[in-house]
Amino acid sequence: MDKDKIDKKDHILDVAERIFAEMGFDGASTRMISGEAGVNMAMLNYYFGSKEGLFLAVIERKITSFQNILQNIGNAENISAWGKIESYIEIYGERVVNNNCFQKLLYQEMSMNRRTELSDKIRNILMNSVSELFKILQDGIDSGEFKKDTDVQMVVATMYGTKNFVVNTPLMSSTMLGYDIQDDKVLEEQFKPRIKTYLKNLFKAYLVNENDNSK
């Protein structure tokens, strides 16, 4: 695929991500997206096939790049298990803020109480990344660096759940935290470093074995 086609495809995905986040999957339409992107329906269908195909492409573009980074972290032999978790939190903290539109999109679809072929596909894409975190945690337990009674699944739920509460309930979280969580500058300068520091302190206290003198 030549550069012009790649740029056009990325432009469509950028527009689709924003519209899906604003309207949800059900509220958005391919005609609306093609109009905003300045392309005809034939081009959109050629690249993505359907609204579902376009929606999955939006998710896969973000998740795949994140997953590749996580795999590199997980496979690094010169980094401790805790060092890998710190790196994960750093990267995750950046993406919570920088991809807030995408985070909103994911939360909308995954929080709906419905089981469809689309939701199953989204879950499977997301679980690929979650599995990388599971692996890092389990390796730390197996090596003795992390405590044997670590609840791996609840660690993951806590990490993602903290972000979901703050970012996706802005009226509640803004009042609780004392600043406007919907302000981009506030997110960048106050919330991003705060959530990174909090998660590192929380998980280090919970995960790291006190008998591991290297930590």
# chains A, B, ... in the order shown; residues from 1 in each chain; ligands from 1

call {"tool": "residues_around", "arguments": {"residues": "Phe203 in chain A", "least_positions_apart": "3", "cutoff": "10 Å", "atoms": "only C-alpha atoms", "output": "PyMOL selection string"}}
result
chain A and resi 82+85-86+89+155+158-159+198-200+206-208

call {"tool": "residues_around", "arguments": {"residues": "range 74-78 of chain A", "least_positions_apart": "3", "cutoff": "10 Å", "atoms": "only C-alpha atoms", "output": "ChimeraX atom specification"}}
result
/A:68-71,81,83-85,87-88,132-137,139

call {"tool": "residues_around", "arguments": {"residues": "range 53-55 of chain A", "least_positions_apart": "6", "cutoff": "12 Å", "atoms": "only C-alpha atoms", "output": "PyMOL selection string"}}
result
chain A and resi 9-10+12-21+24-26+28-30+33-34+43-47+61-62+102+105-106+109+117-119+121-122

call {"tool": "residues_around", "arguments": {"residues": "Leu171 in chain A", "least_positions_apart": "3", "cutoff": "10 Å", "atoms": "only C-alpha atoms", "output": "MDAnalysis selection string"}}
result
chainID A and resid 166:168 174:176 180:182

call {"tool": "write_last_selection", "arguments": {"atoms": "N, CA, C and O atoms", "output": "short mmCIF file (atom, residue, chain, number, x, y, z; two decimals), in the first residue's frame"}}
result
data_model
loop_
_atom_site.label_atom_id
_atom_site.label_comp_id
_atom_site.auth_asym_id
_atom_site.auth_seq_id
_atom_site.Cartn_x
_atom_site.Cartn_y
_atom_site.Cartn_z
N VAL A 166 -12.00 7.31 37.29
CA VAL A 166 -11.62 8.73 37.25
C VAL A 166 -11.96 9.35 35.89
O VAL A 166 -12.57 10.42 35.82
N VAL A 167 -11.55 8.69 34.81
CA VAL A 167 -11.69 9.28 33.47
C VAL A 167 -13.13 9.24 32.97
O VAL A 167 -13.59 10.17 32.30
N ASN A 168 -13.86 8.20 33.33
CA ASN A 168 -15.19 8.01 32.74
C ASN A 168 -16.34 8.45 33.63
O ASN A 168 -17.50 8.33 33.24
N SER A 174 -14.03 14.75 39.36
CA SER A 174 -13.55 16.12 39.44
C SER A 174 -13.84 16.73 40.81
O SER A 174 -13.00 17.42 41.39
N THR A 175 -15.02 16.45 41.32
CA THR A 175 -15.38 16.93 42.66
C THR A 175 -14.49 16.30 43.72
O THR A 175 -13.99 16.97 44.63
N MET A 176 -14.26 15.01 43.59
CA MET A 176 -13.47 14.28 44.57
C MET A 176 -12.00 14.69 44.55
O MET A 176 -11.39 14.89 45.60
N ASP A 180 -10.69 19.88 37.49
CA ASP A 180 -11.50 19.47 36.35
C ASP A 180 -10.80 18.39 35.55
O ASP A 180 -9.85 18.65 34.82
N ILE A 181 -11.27 17.17 35.66
CA ILE A 181 -10.64 16.03 35.01
C ILE A 181 -10.83 16.08 33.49
O ILE A 181 -10.17 15.34 32.75
N GLN A 182 -11.72 16.94 33.00
CA GLN A 182 -11.94 17.06 31.56
C GLN A 182 -11.07 18.13 30.91
O GLN A 182 -11.12 18.32 29.71
#

call {"tool": "atom_distance", "arguments": {"atom1": "CA of Arg31 in chain A", "atom2": "CA of Ser50 in chain A"}}
result
10.9 Å

call {"tool": "atom_distance", "arguments": {"atom1": "CA of Asp7 in chain A", "atom2": "CA of Val39 in chain A"}}
result
12.5 Å

call {"tool": "closest_residue", "arguments": {"among": "A:Thr169, A:Ser65, A:Asn201, A:Ser143", "to": "Asn128 in chain A", "atoms": "only C-alpha atoms"}}
result
A:Ser65

call {"tool": "atom_distance", "arguments": {"atom1": "CA of Ile125 in chain A", "atom2": "CA of Glu52 in chain A"}}
result
14.0 Å

call {"tool": "select_by_dssp", "arguments": {"residues": "chain A", "states": "alpha helix (DSSP H)", "output": "JSON, numbers by chain"}}
result
{"A": [3, 4, 5, 6, 7, 8, 9, 10, 11, 12, 13, 14, 15, 16, 17, 18, 19, 20, 21, 22, 23, 24, 25, 26, 27, 30, 31, 32, 33, 34, 35, 36, 37, 41, 42, 43, 44, 45, 46, 47, 48, 51, 52, 53, 54, 55, 56, 57, 58, 59, 60, 61, 62, 63, 64, 65, 66, 67, 68, 69, 70, 71, 72, 73, 74, 75, 81, 82, 83, 84, 85, 86, 87, 88, 89, 90, 91, 92, 93, 94, 95, 96, 97, 98, 100, 101, 102, 103, 104, 105, 106, 107, 108, 109, 110, 117, 118, 119, 120, 121, 122, 123, 124, 125, 126, 127, 128, 129, 130, 131, 132, 133, 134, 135, 136, 137, 138, 139, 140, 141, 142, 143, 152, 153, 154, 155, 156, 157, 158, 159, 160, 161, 162, 163, 164, 165, 166, 167, 168, 170, 171, 172, 173, 174, 175, 176, 177, 184, 185, 186, 192, 193, 194, 195, 196, 197, 198, 199, 200, 201, 202, 203, 204, 205, 206, 207]}
